[in-house]
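Source file entry_36.txt; content: compact mmCIF, C-alpha atoms.
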# COMPACT_ATOMS: atom_id res chain seq x y z
CA MET A 21 -15.09 2.45 12.23
CA LYS A 22 -16.70 -0.63 13.70
CA VAL A 23 -14.83 -3.68 12.47
CA ILE A 24 -16.27 -6.41 14.69
CA PRO A 25 -18.72 -8.47 12.62
CA ALA A 26 -22.40 -8.61 13.47
CA PRO A 27 -24.28 -11.82 14.29
CA ALA A 28 -24.91 -14.24 11.42
CA VAL A 29 -27.89 -13.71 9.16
CA ARG A 30 -29.95 -16.23 7.23
CA GLN A 31 -27.51 -19.10 7.01
CA THR A 32 -26.06 -22.04 8.90
CA PRO A 33 -22.59 -23.51 8.40
CA SER A 34 -24.03 -26.97 7.75
CA GLY A 35 -26.35 -25.71 5.04
CA PRO A 36 -25.69 -24.51 1.48
CA LEU A 37 -23.19 -21.95 2.76
CA ARG A 38 -20.62 -24.63 3.68
CA ARG A 39 -18.77 -24.60 0.32
CA GLU A 40 -19.09 -20.82 0.11
CA VAL A 41 -17.22 -20.50 3.41
CA TRP A 42 -14.49 -23.03 2.91
CA LEU A 43 -13.55 -22.16 -0.67
CA PRO A 44 -12.61 -18.52 0.09
CA ALA A 45 -10.81 -19.75 3.23
CA VAL A 46 -8.74 -22.30 1.30
CA LEU A 47 -7.98 -19.80 -1.45
CA ALA A 48 -6.81 -17.28 1.13
CA LEU A 49 -4.62 -19.89 2.82
CA VAL A 50 -2.97 -20.86 -0.48
CA ILE A 51 -2.47 -17.28 -1.66
CA VAL A 52 -1.13 -15.95 1.64
CA SER A 53 1.15 -18.94 2.26
CA ALA A 54 2.61 -18.77 -1.24
CA PHE A 55 3.50 -15.09 -1.14
CA GLN A 56 4.59 -15.23 2.49
CA ALA A 57 7.10 -17.87 1.42
CA VAL A 58 8.28 -15.71 -1.50
CA GLY A 59 8.98 -12.79 0.83
CA VAL A 60 9.71 -9.15 0.01
CA TRP A 61 10.46 -7.81 -3.46
CA LYS A 62 12.41 -4.55 -3.66
CA ILE A 63 12.27 -2.07 -6.53
CA ASN A 64 15.16 0.39 -6.55
CA LEU A 65 14.35 3.95 -7.59
CA GLY A 66 17.71 5.68 -7.38
CA PRO A 67 18.11 7.09 -3.86
CA ALA A 68 14.83 5.52 -2.77
CA ALA A 69 13.24 2.10 -3.05
CA ILE A 70 9.81 0.51 -2.86
CA ALA A 71 9.49 -2.75 -0.99
CA VAL A 72 6.55 -4.82 -2.26
CA TYR A 73 5.52 -6.93 0.71
CA PRO A 74 3.62 -10.24 0.69
CA MET A 75 0.47 -8.43 1.83
CA VAL A 76 0.45 -6.39 -1.40
CA TRP A 77 0.86 -9.50 -3.56
CA ALA A 78 -1.83 -11.26 -1.52
CA LEU A 79 -4.31 -8.48 -2.26
CA LEU A 80 -3.44 -8.36 -5.96
CA ALA A 81 -3.60 -12.15 -6.33
CA GLY A 82 -6.86 -12.31 -4.41
CA GLY A 83 -8.28 -9.57 -6.61
CA PHE A 84 -7.27 -11.46 -9.76
CA VAL A 85 -8.95 -14.65 -8.51
CA SER A 86 -12.05 -12.71 -7.49
CA ALA A 87 -12.39 -10.85 -10.79
CA GLN A 88 -11.55 -13.65 -13.27
CA ARG A 89 -14.44 -15.24 -15.18
CA ARG A 90 -13.22 -18.74 -16.00
CA TRP A 91 -13.99 -20.16 -12.55
CA PRO A 92 -15.99 -17.29 -11.06
CA LEU A 93 -16.62 -16.85 -7.36
CA THR A 94 -20.26 -16.33 -6.42
CA PRO A 95 -21.55 -13.10 -4.86
CA ARG A 96 -22.03 -15.03 -1.61
CA MET A 97 -18.36 -16.06 -1.70
CA TRP A 98 -17.39 -12.42 -2.13
CA ALA A 99 -19.54 -11.57 0.88
CA VAL A 100 -18.00 -14.41 2.92
CA ALA A 101 -14.50 -13.14 2.07
CA GLU A 102 -15.51 -9.65 3.17
CA SER A 103 -16.91 -11.01 6.43
CA LEU A 104 -13.73 -12.98 7.14
CA MET A 105 -11.69 -9.88 6.33
CA ALA A 106 -13.64 -7.99 9.02
CA VAL A 107 -12.70 -10.67 11.55
CA GLY A 108 -9.07 -10.35 10.45
CA VAL A 109 -9.17 -6.58 10.97
CA SER A 110 -10.60 -7.17 14.45
CA LEU A 111 -7.68 -9.46 15.27
CA LEU A 112 -5.26 -6.83 13.93
CA VAL A 113 -6.81 -4.24 16.24
CA ALA A 114 -6.41 -6.62 19.20
CA ARG A 115 -2.78 -7.32 18.24
CA LEU A 116 -2.06 -3.60 17.97
CA SER A 117 -3.70 -2.82 21.29
CA LEU A 118 -1.22 -5.12 23.03
CA THR A 119 1.63 -2.89 21.84
CA LEU A 120 0.28 0.15 23.70
CA GLY A 121 1.14 -0.83 27.27
CA PRO A 122 4.88 -1.46 26.75
CA ASN A 123 5.16 1.77 24.76
CA ILE A 124 3.01 4.06 26.90
CA ASP A 125 6.01 6.35 27.50
CA VAL A 126 6.46 6.73 23.73
CA LEU A 127 2.85 7.87 23.41
CA PHE A 128 3.37 10.50 26.11
CA ASP A 129 6.64 11.62 24.54
CA ALA A 130 4.82 12.16 21.23
CA GLY A 131 2.75 14.81 22.99
CA PRO A 132 0.55 17.02 20.82
CA ALA A 133 1.97 15.54 17.62
CA LEU A 134 -0.67 12.81 17.87
CA LEU A 135 -3.41 15.44 17.80
CA LEU A 136 -1.84 17.87 15.35
CA GLN A 137 -1.36 15.21 12.67
CA GLU A 138 -5.15 15.22 12.20
CA VAL A 139 -4.68 18.61 10.49
CA GLY A 140 -2.72 16.80 7.77
CA HIS A 141 -5.67 14.57 6.95
CA LEU A 142 -7.91 17.62 6.62
CA VAL A 143 -5.50 19.74 4.57
CA GLY A 144 -4.38 16.85 2.41
CA THR A 145 -7.79 15.82 1.18
CA VAL A 146 -9.44 19.23 0.86
CA ALA A 147 -6.50 21.33 -0.32
CA ILE A 148 -4.90 18.79 -2.68
CA ALA A 149 -7.51 16.31 -3.89
CA LEU A 150 -10.41 18.75 -4.24
CA PRO A 151 -8.75 21.10 -6.79
CA LEU A 152 -7.72 18.04 -8.82
CA ALA A 153 -11.31 16.76 -8.82
CA VAL A 154 -12.52 20.19 -9.93
CA ALA A 155 -9.97 20.20 -12.76
CA LEU A 156 -11.26 16.76 -13.85
CA ARG A 157 -14.85 18.10 -13.80
CA MET A 158 -16.26 15.64 -11.31
CA GLY A 159 -19.09 18.03 -10.48
CA ARG A 160 -20.74 18.14 -7.06
CA ALA A 161 -19.48 14.61 -6.38
CA THR A 162 -16.16 16.37 -5.71
CA VAL A 163 -17.37 17.56 -2.30
CA GLY A 164 -18.29 14.09 -1.06
CA ALA A 165 -15.21 12.43 -2.52
CA THR A 166 -12.60 14.84 -1.16
CA PHE A 167 -13.69 16.15 2.23
CA SER A 168 -12.09 13.03 3.80
CA ILE A 169 -10.87 9.61 2.68
CA ASP A 170 -14.50 8.58 3.17
CA ARG A 171 -14.85 5.59 5.41
CA GLU A 172 -18.11 4.43 6.95
CA ALA A 173 -18.95 7.57 8.98
CA SER A 174 -18.81 9.74 5.86
CA PHE A 175 -22.02 8.20 4.52
CA ALA A 176 -23.93 9.40 7.56
CA ILE A 177 -22.28 12.86 7.51
CA VAL A 178 -22.93 13.55 3.82
CA GLY A 179 -26.30 11.77 3.76
CA ASP A 180 -27.53 13.91 6.63
CA ARG A 181 -26.48 17.17 4.98
CA PHE A 182 -27.12 16.55 1.28
CA GLY A 183 -29.29 13.42 1.12
CA VAL A 184 -28.53 9.94 -0.15
CA LYS A 185 -29.68 10.71 -3.70
CA SER A 186 -27.32 13.65 -4.12
CA ASP A 187 -24.19 13.91 -6.22
CA GLU A 188 -22.23 14.56 -3.03
CA TYR A 189 -23.32 11.16 -1.67
CA ARG A 190 -22.28 9.53 -4.94
CA GLY A 191 -18.86 11.08 -4.39
CA VAL A 192 -18.61 9.42 -0.96
CA LEU A 193 -19.52 6.08 -2.55
CA SER A 194 -16.83 6.59 -5.19
CA MET A 195 -14.08 7.24 -2.68
CA TYR A 196 -15.29 4.46 -0.39
CA VAL A 197 -15.12 1.86 -3.17
CA PHE A 198 -11.72 3.11 -4.35
CA GLY A 199 -10.30 3.13 -0.82
CA THR A 200 -11.67 -0.34 -0.10
CA MET A 201 -10.09 -1.81 -3.21
CA PHE A 202 -6.80 0.07 -3.43
CA GLY A 203 -6.28 2.10 -0.23
CA ALA A 204 -4.19 -0.44 1.67
CA VAL A 205 -1.87 -1.04 -1.29
CA ILE A 206 -1.39 2.69 -1.86
CA VAL A 207 -0.58 3.37 1.81
CA ALA A 208 1.80 0.39 1.98
CA LEU A 209 3.72 1.51 -1.12
CA ILE A 210 3.87 5.15 -0.02
CA ALA A 211 4.99 4.13 3.47
CA SER A 212 7.70 1.92 1.99
CA LEU A 213 8.93 4.67 -0.33
CA THR A 214 8.99 7.42 2.31
CA SER A 215 10.69 5.09 4.82
CA SER A 216 13.46 4.33 2.34
CA LEU A 217 14.23 8.05 1.89
CA GLY A 218 15.52 8.26 5.45
CA ILE A 219 14.34 11.86 5.93
CA PHE A 220 11.40 11.18 8.26
CA ASP A 221 11.35 9.97 11.83
CA PRO A 222 9.71 6.50 11.72
CA LEU A 223 7.47 7.60 14.61
CA ALA A 224 6.20 10.51 12.49
CA LEU A 225 5.57 8.09 9.63
CA ALA A 226 3.64 5.88 12.06
CA MET A 227 1.37 8.77 13.01
CA GLY A 228 0.85 9.61 9.34
CA ALA A 229 -0.32 6.04 8.74
CA GLY A 230 -3.28 6.56 11.09
CA VAL A 231 -5.59 7.74 8.32
CA GLY A 232 -8.77 6.43 9.97
CA SER A 233 -9.01 3.10 8.16
CA GLY A 234 -7.99 -0.08 9.95
CA SER A 235 -6.72 -1.87 6.86
CA MET A 236 -4.86 1.16 5.47
CA MET A 237 -3.27 1.89 8.85
CA ALA A 238 -2.24 -1.74 9.29
CA ALA A 239 -0.66 -1.88 5.84
CA GLY A 240 1.25 1.36 6.36
CA ALA A 241 2.38 0.49 9.89
CA ALA A 242 3.57 -2.94 8.76
CA ALA A 243 5.68 -1.41 5.99
CA ILE A 244 7.19 1.20 8.33
CA SER A 245 7.95 -1.28 11.11
CA ALA A 246 9.59 -3.63 8.57
CA ALA A 247 11.81 -0.78 7.36
CA HIS A 248 12.67 0.22 10.96
CA PRO A 249 12.65 -3.00 12.98
CA GLU A 250 14.57 -1.34 15.82
CA VAL A 251 11.41 0.64 16.71
CA GLY A 252 8.89 -1.75 15.18
CA GLU A 253 6.64 -2.13 18.23
CA GLN A 254 6.73 1.62 18.90
CA VAL A 255 5.66 2.23 15.31
CA LEU A 256 2.71 -0.13 15.70
CA ALA A 257 1.66 1.49 18.98
CA LEU A 258 1.78 5.03 17.60
CA ALA A 259 -0.01 4.05 14.38
CA ALA A 260 -2.80 2.37 16.35
CA THR A 261 -3.21 5.37 18.66
CA SER A 262 -3.10 7.84 15.79
CA ASN A 263 -5.70 5.83 13.89
CA LEU A 264 -8.00 5.72 16.91
CA ILE A 265 -7.70 9.49 17.38
CA THR A 266 -8.44 10.05 13.69
CA MET A 267 -11.49 7.79 13.85
CA ILE A 268 -12.90 9.62 16.88
CA LEU A 269 -12.01 13.19 15.93
CA GLY A 270 -12.68 12.55 12.24
CA VAL A 271 -16.44 12.50 12.76
CA TYR A 272 -16.48 15.92 14.44
CA VAL A 273 -13.89 17.40 12.10
CA GLY A 274 -15.91 16.11 9.16
CA VAL A 275 -19.21 17.56 10.37
CA TRP A 276 -18.02 20.96 11.55
CA ILE A 277 -14.90 21.70 9.50
CA ALA A 278 -14.00 19.41 6.59
CA LEU A 279 -17.37 19.12 4.81
CA PRO A 280 -18.32 22.83 5.10
CA LEU A 281 -14.79 23.79 4.02
CA ALA A 282 -14.91 21.45 1.02
CA ASP A 283 -18.31 22.84 0.04
CA ARG A 284 -17.08 26.44 0.25
CA LEU A 285 -13.83 25.73 -1.59
CA TYR A 286 -15.72 23.93 -4.36
CA GLY A 287 -17.97 26.97 -4.68
CA LEU A 288 -14.99 29.31 -4.91
CA LEU A 289 -13.22 27.21 -7.53
CA THR A 290 -16.32 26.76 -9.68
CA ARG A 291 -17.98 30.10 -8.87
CA SER A 292 -21.14 28.30 -7.80
CA ALA A 293 -23.21 28.74 -4.65
CA SER A 294 -22.78 26.38 -1.72
CA ARG A 295 -25.56 23.95 -0.93
CA PRO A 296 -27.81 24.88 1.99
CA VAL A 297 -27.31 22.80 5.12
CA ALA A 298 -30.05 20.26 5.74
CA VAL A 299 -31.71 20.64 9.14
CA SER A 300 -34.24 18.45 10.85
CA GLY A 301 -37.48 18.27 8.90
CA GLU A 302 -36.15 20.12 5.83
CA ARG A 303 -34.87 18.94 2.46
CA THR A 304 -31.87 20.24 0.60
CA GLU A 305 -31.94 21.47 -2.95
CA SER A 306 -29.81 18.51 -4.01
CA SER A 307 -32.20 15.94 -2.56
CA PRO A 308 -35.79 17.22 -2.92
CA ASP A 309 -37.41 13.86 -2.28
CA VAL A 310 -35.29 12.70 0.66
CA ASP A 311 -36.48 13.14 4.22
CA ALA A 312 -33.47 14.20 6.28
CA THR A 313 -35.12 12.95 9.47
CA ASP A 314 -35.50 9.37 8.23
CA PRO A 315 -32.61 7.21 9.50
CA ALA A 316 -33.18 4.78 6.65
CA GLU A 317 -32.47 7.59 4.23
CA THR A 318 -29.71 9.58 5.93
CA HIS A 319 -27.77 6.55 7.12
CA ALA A 320 -28.33 4.24 4.21
CA ALA A 321 -25.88 1.46 3.44
CA PRO A 322 -23.16 2.31 0.95
CA PHE A 323 -24.41 -0.21 -1.59
CA ALA A 324 -27.69 -1.18 -3.18
CA ASP A 325 -30.45 -2.90 -1.22
CA ASP A 326 -30.22 -6.04 -3.37
CA ASP A 327 -26.52 -6.47 -2.51
CA VAL A 328 -25.79 -9.94 -1.12
CA LYS A 329 -25.13 -9.72 2.62
CA VAL A 330 -23.62 -12.71 4.40
CA THR A 331 -21.99 -12.76 7.82
CA VAL A 332 -20.15 -15.86 8.95
CA PRO A 333 -20.80 -16.59 12.66
CA LEU A 334 -17.93 -15.92 15.03
CA TYR A 335 -17.65 -19.53 16.19
CA LEU A 336 -16.74 -20.45 12.61
CA SER A 337 -15.03 -17.33 11.28
CA VAL A 338 -12.62 -16.79 14.18
CA PRO A 339 -11.03 -20.29 14.02
CA ILE A 340 -10.74 -20.04 10.22
CA VAL A 341 -9.00 -16.67 10.26
CA ALA A 342 -6.85 -17.57 13.28
CA ALA A 343 -5.69 -20.81 11.62
CA ILE A 344 -4.66 -18.96 8.45
CA CYS A 345 -2.90 -16.29 10.52
CA ILE A 346 -1.00 -18.97 12.46
CA ALA A 347 0.09 -20.60 9.19
CA ALA A 348 1.27 -17.24 7.79
CA ALA A 349 3.08 -16.32 11.03
CA THR A 350 4.79 -19.71 11.08
CA ILE A 351 6.06 -19.26 7.53
CA ALA A 352 7.27 -15.75 8.40
CA ALA A 353 9.09 -17.05 11.50
CA GLY A 354 10.51 -20.06 9.70
CA GLU A 355 9.27 -22.40 12.42
CA LEU A 356 6.26 -23.07 14.60
CA THR A 357 7.08 -22.05 18.15
CA THR A 358 4.78 -22.41 21.13
CA SER A 359 4.59 -18.61 21.35
CA ILE A 360 2.64 -18.32 18.09
CA PRO A 361 -0.48 -20.36 19.04
CA ILE A 362 -0.36 -18.99 22.59
CA GLY A 363 -0.11 -15.44 21.26
CA PHE A 364 -3.04 -15.95 18.92
CA THR A 365 -5.11 -17.43 21.73
CA LEU A 366 -4.50 -14.27 23.74
CA ILE A 367 -5.35 -12.05 20.75
CA VAL A 368 -8.56 -13.95 20.00
CA GLY A 369 -9.58 -13.82 23.66
CA LEU A 370 -9.03 -10.07 23.78
CA MET A 371 -11.03 -9.58 20.59
CA LEU A 372 -13.96 -11.66 21.86
CA VAL A 373 -14.06 -9.83 25.20
CA ALA A 374 -14.02 -6.48 23.38
CA THR A 375 -16.86 -7.68 21.15
CA ALA A 376 -18.91 -8.79 24.15
CA LEU A 377 -18.40 -5.49 25.95
CA SER A 378 -19.42 -3.59 22.81
CA HIS A 379 -22.65 -5.60 22.67
CA LEU A 380 -23.28 -4.95 26.37
CA THR A 381 -22.99 -1.21 25.75
CA ARG A 382 -25.21 -1.56 22.66
CA GLY A 383 -22.45 -0.28 20.43
CA LYS A 384 -22.17 3.08 22.19
CA ILE A 385 -18.57 2.15 22.99
CA THR A 386 -17.18 0.36 19.97
CA ALA A 387 -15.15 -2.82 20.09
CA VAL A 388 -12.13 -0.87 18.78
CA ILE A 389 -12.15 1.36 21.86
CA TRP A 390 -12.74 -1.57 24.21
CA ALA A 391 -9.86 -3.49 22.62
CA SER A 392 -7.56 -0.48 23.02
CA VAL A 393 -8.48 -0.05 26.68
CA LEU A 394 -8.13 -3.76 27.45
CA GLY A 395 -4.91 -4.06 25.46
CA VAL A 396 -3.11 -1.22 27.21
CA SER A 397 -4.41 -2.49 30.58
CA VAL A 398 -3.05 -6.03 30.31
CA SER A 399 0.17 -5.24 28.42
CA GLY A 400 1.49 -2.47 30.67
CA PRO A 401 4.17 -3.12 33.30
CA TRP A 402 1.60 -2.60 36.06
CA PHE A 403 -0.32 -5.76 35.09
CA PRO A 404 0.82 -9.12 36.56
CA GLY A 405 2.05 -11.37 33.77
CA SER A 406 2.29 -8.55 31.22
CA ALA A 407 5.82 -9.57 30.23
CA TRP A 408 4.58 -13.08 29.34
CA ILE A 409 1.65 -11.64 27.36
CA VAL A 410 3.88 -9.22 25.43
CA HIS A 411 6.51 -11.90 24.74
CA ASN A 412 3.99 -14.26 23.18
CA THR A 413 2.10 -11.68 21.13
CA GLU A 414 5.26 -9.97 19.87
CA SER A 415 6.41 -13.31 18.45
CA ILE A 416 3.63 -13.01 15.85
CA ASP A 417 4.77 -11.26 12.69
CA PHE A 418 2.37 -8.35 12.25
CA MET A 419 2.92 -8.18 8.51
CA SER A 420 1.81 -11.78 8.09
CA MET A 421 -1.50 -10.88 9.74
CA CYS A 422 -1.85 -7.97 7.31
CA ALA A 423 -1.29 -10.39 4.42
CA VAL A 424 -4.22 -12.51 5.62
CA VAL A 425 -6.51 -9.48 5.90
CA LEU A 426 -5.55 -8.16 2.46
CA GLY A 427 -5.82 -11.64 0.95
CA PHE A 428 -9.47 -11.75 2.00
CA ALA A 429 -9.88 -8.15 0.82
CA GLY A 430 -8.66 -9.20 -2.61
CA LEU A 431 -11.08 -12.13 -2.75
CA ALA A 432 -13.92 -9.69 -2.00
CA VAL A 433 -12.92 -7.31 -4.82
CA GLY A 434 -15.42 -8.81 -7.25
CA LYS A 435 -18.23 -7.43 -5.11
CA ASN A 436 -17.17 -3.83 -5.81
CA LEU A 437 -16.25 -4.09 -9.50
CA PRO A 438 -19.73 -3.13 -10.81
CA ALA A 439 -19.76 -0.06 -8.57
CA LEU A 440 -16.24 0.90 -9.67
CA ARG A 441 -17.19 0.63 -13.35
CA MET A 442 -20.23 2.80 -12.70
CA ILE A 443 -18.14 5.43 -10.92
CA GLY A 444 -15.66 5.95 -13.76
CA TRP A 445 -11.93 6.56 -14.04
CA LYS A 446 -11.79 10.05 -12.51
CA ILE A 447 -11.90 8.72 -8.95
CA VAL A 448 -8.58 6.90 -9.52
CA PRO A 449 -6.28 9.98 -9.66
CA VAL A 450 -8.46 11.85 -7.16
CA GLY A 451 -8.49 8.94 -4.71
CA PHE A 452 -4.76 8.42 -5.02
CA ALA A 453 -4.14 12.14 -4.45
CA ALA A 454 -6.38 12.16 -1.36
CA ILE A 455 -4.70 9.18 0.28
CA PHE A 456 -1.18 10.26 -0.70
CA ALA A 457 -1.66 13.84 0.53
CA SER A 458 -3.35 12.72 3.75
CA PHE A 459 -0.45 10.42 4.63
CA VAL A 460 2.40 12.71 3.59
CA LEU A 461 1.05 15.94 5.10
CA SER A 462 0.16 14.22 8.37
CA THR A 463 3.70 12.84 8.49
CA LEU A 464 5.19 16.30 7.85
CA ILE A 465 3.12 17.88 10.62
CA ALA A 466 3.98 15.04 13.02
CA GLU A 467 7.68 15.42 12.11
CA PHE A 468 7.73 19.12 12.98
CA ALA A 469 5.58 18.62 16.08
CA LEU A 470 7.86 15.85 17.36
CA GLY A 471 10.92 18.05 16.85
CA PHE A 472 9.32 20.97 18.66
CA TRP A 473 7.90 18.87 21.51
CA ARG A 474 11.19 17.11 22.13
Write the structure described by the file as structure tokens, please.
Amino acid sequence: MKVIPAPAVRQTPSGPLRREVWLPAVLALVIVSAFQAVGVWKINLGPAAIAVYPMVWALLAGGFVSAQRRWPLTPRMWAVAESLMAVGVSLLVARLSLTLGPNIDVLFDAGPALLLQEVGHLVGTVAIALPLAVALRMGRATVGATFSIDREASFAIVGDRFGVKSDEYRGVLSMYVFGTMFGAVIVALIASLTSSLGIFDPLALAMGAGVGSGSMMAAGAAAISAAHPEVGEQVLALAATSNLITMILGVYVGVWIALPLADRLYGLLTRSASRPVAVSGERTESSPDVDATDPAETHAAPFADDDVKVTVPLYLSVPIVAAICIAAATIAAGELTTSIPIGFTLIVGLMLVATALSHLTRGKITAVIWASVLGVSVSGPWFPGSAWIVHNTESIDFMSMCAVVLGFAGLAVGKNLPALRMIGWKIVPVGFAAIFASFVLSTLIAEFALGFWR
């Protein structure tokens, strides 16, 4: 998943976009600051408990503001909020990368568990969510919605095989919209609940949180590290590494294993024939008028062509997001220390360098990978000044950064409401089952693998 925003398009900060940038920014600042000050709410469920963190409330409050009709946000404001959220995710990735160096021995100790947990994502979505979707009669959309949790790469995978006008592609869109709107909250709540049970190693839970989505991983890792502060930085390091592995392997697993398996299993459960695989120059039965060799068709954007697209330039978006993050981190710490602005300066610098390197390689090496390489390089004990870097960046409360990201995600919810209404209610239980099963089964596999490896 490429989370670094692209260059600005068709707007200048001094033009008509000025109010459309600052209003979402101010709303996010107010929402995040308010709930960061409120703190954590705990719901006791007998032997277990669910901790509802400020990041969850920030997303819900942002979603309420975005969806209400009395003082509606404009589509361009929704797009601005989404763009600022992408910058926030980039800063989260940079923050996480700086946890890798000090915990490199933990990553080696985890051994094959980091690779084996990918099986949980495959089994969880296909074996659990797919039969539920079949029972709810979702039709061929079942295949696209349940072969993975459907982030950006899934559009290319399914579009190339079935075409962008197919039911399978509509299933990908359904799961994408659901995951965008609710995925982070679901993972955070599940991570909080499973952490409170005390039956899983927090490092196994961290690996389970690496579901392939930056925002979902961040929300889950934040909840786990809050429940186990004694290994908080190790949790963040393992979650970041697991997520990176899932993102890289997920493409190949999706193409060669998950999608064909989902197609076959759907055929077995419904007693219908599998779709033929689209090859270069041919068309599938499900998309007779789509040219599989046309990149505009097979790699189409997940939303309609008339969707409002706004990207805030980095020289404006980075200071806005960083300022809100500093405010949230200060509230979480109870005071403004010199480490917080210094730490954010280091994080922003790392993110910008990773972005520049990604552009130099023309996107062949994504900014996420560059950030991970740079982060582990400068935060390890072999790098001069690494102790100073780690001290300043660790002073920043990771959960407060997640609250900022999810606050912007909530303010962008209005953009996806029409698509969600079009999709229908069936994706709600199916999407929840896919995310829940992916997290829990990956955690179980990581738990057994850790025990065996150690």
Neighbouring residues of Lys62 of chain A were defined as those with any atom within 10 Å, considering only C-alpha atoms; residues of the same chain fewer than 6 positions away were excluded. Please report them as a PDB file with C-alpha atoms, in the frame of the given file.
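Result file follows (selection24.pdb):
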ATOM      1  CA  ALA A  69      13.240   2.100  -3.050  1.00  0.00           C
ATOM      2  CA  ILE A  70       9.810   0.510  -2.860  1.00  0.00           C
ATOM      3  CA  ALA A  71       9.490  -2.750  -0.990  1.00  0.00           C
ATOM      4  CA  VAL A  72       6.550  -4.820  -2.260  1.00  0.00           C
ATOM      5  CA  TYR A  73       5.520  -6.930   0.710  1.00  0.00           C
ATOM      6  CA  SER A 212       7.700   1.920   1.990  1.00  0.00           C
TER       7      SER A 212
END
Check your understanding: Hey, what's within 12 Å of Phe128 of chain A if we count only C-alpha atoms and toss same-chain stuff fewer than 4 positions away? As a ChimeraX atom specification, please?
Key -> /A:120-121,123-124,132-135,254,257-258,261,470,473-474
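Excluding Val424 of chain A itself and same-chain residues fewer than 4 positions from it, the residues having an atom within 9 Å of it are Ala48, Leu49, Ile51, Val52, Met75, Ala78, Leu79, Met105, Gly108, Val341, Ile344, Cys345, Ala348, Met419, Ser420, Phe428 and Ala429 of chain A, counting all atoms listed in the file.
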Study note, to complete from the structure: The residue from A:Pro74, A:Gly405, A:Gly451, A:Gly400 with the smallest atom-to-atom distance to Ala246 of chain A, counting all atoms listed in the file, is A:Pro74
Practice item. Place a sphere of radius 9 Å on (-9.8, -4.8, 20.5) in the file coordinates and name every protein, DNA or RNA residue with an atom inside or on its surface, counting only C-alpha atoms; give the answer as a PyMOL selection string. Key: chain A and resi 24+110-118+367+370-375+387-395
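Reported to one decimal place, the separation of atom CA of Val178 of chain A from atom CA of Gly164 of chain A is 6.8 Å.
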Exercise for review: Find the residues near segment 227-244 of chain A: any atom within 6 Å, counting all atoms listed in the file, skip ones fewer than 2 places away on the same chain, and give them as an NGL selection string.
Suggested key: :A and (203-204 or 207-208 or 211-212 or 224-225 or 246-247 or 256 or 258-259 or 262-263 or 266-267 or 419 or 459 or 462-463)
Point to revise | Interatomic distance (Å, one decimal) between atom CA of Ala54 of chain A and atom CA of Ala87 of chain A | key: 19.5 Å
Exercise for review: Work out how far apart atom CA of Arg382 of chain A and atom CA of Thr119 of chain A are and give it in Å to one decimal.
Suggested key: 26.9 Å
Practice item. Anything within 8 Å of (6.9, -19.4, 22.3): list those residues as a ChimeraX atom specification, counting all atoms listed in the file and sticking to the file's coordinates. Key: /A:357-360,362,411-412,415
Point to revise | Option closest in space to Pro438 of chain A, from A:Ser194, A:Thr413, A:Ser406, A:Thr145 [counting only C-alpha atoms] | key: A:Ser194
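Considering the residues A:Gly427, A:Ala173, A:Ile219, A:Ile409 and counting all atoms listed in the file, Leu47 of chain A has its shortest atom-to-atom contact with A:Gly427.
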Practice item. With a distance cut-off of 10 Å and only C-alpha atoms, select the neighbouring residues of Val107 of chain A, excluding the residue or stretch itself and same-chain residues fewer than 6 positions from it, and output the selection as a ChimeraX atom specification. Key: /A:23-25,101,113,332,334,337-338,340-342,368,371,425
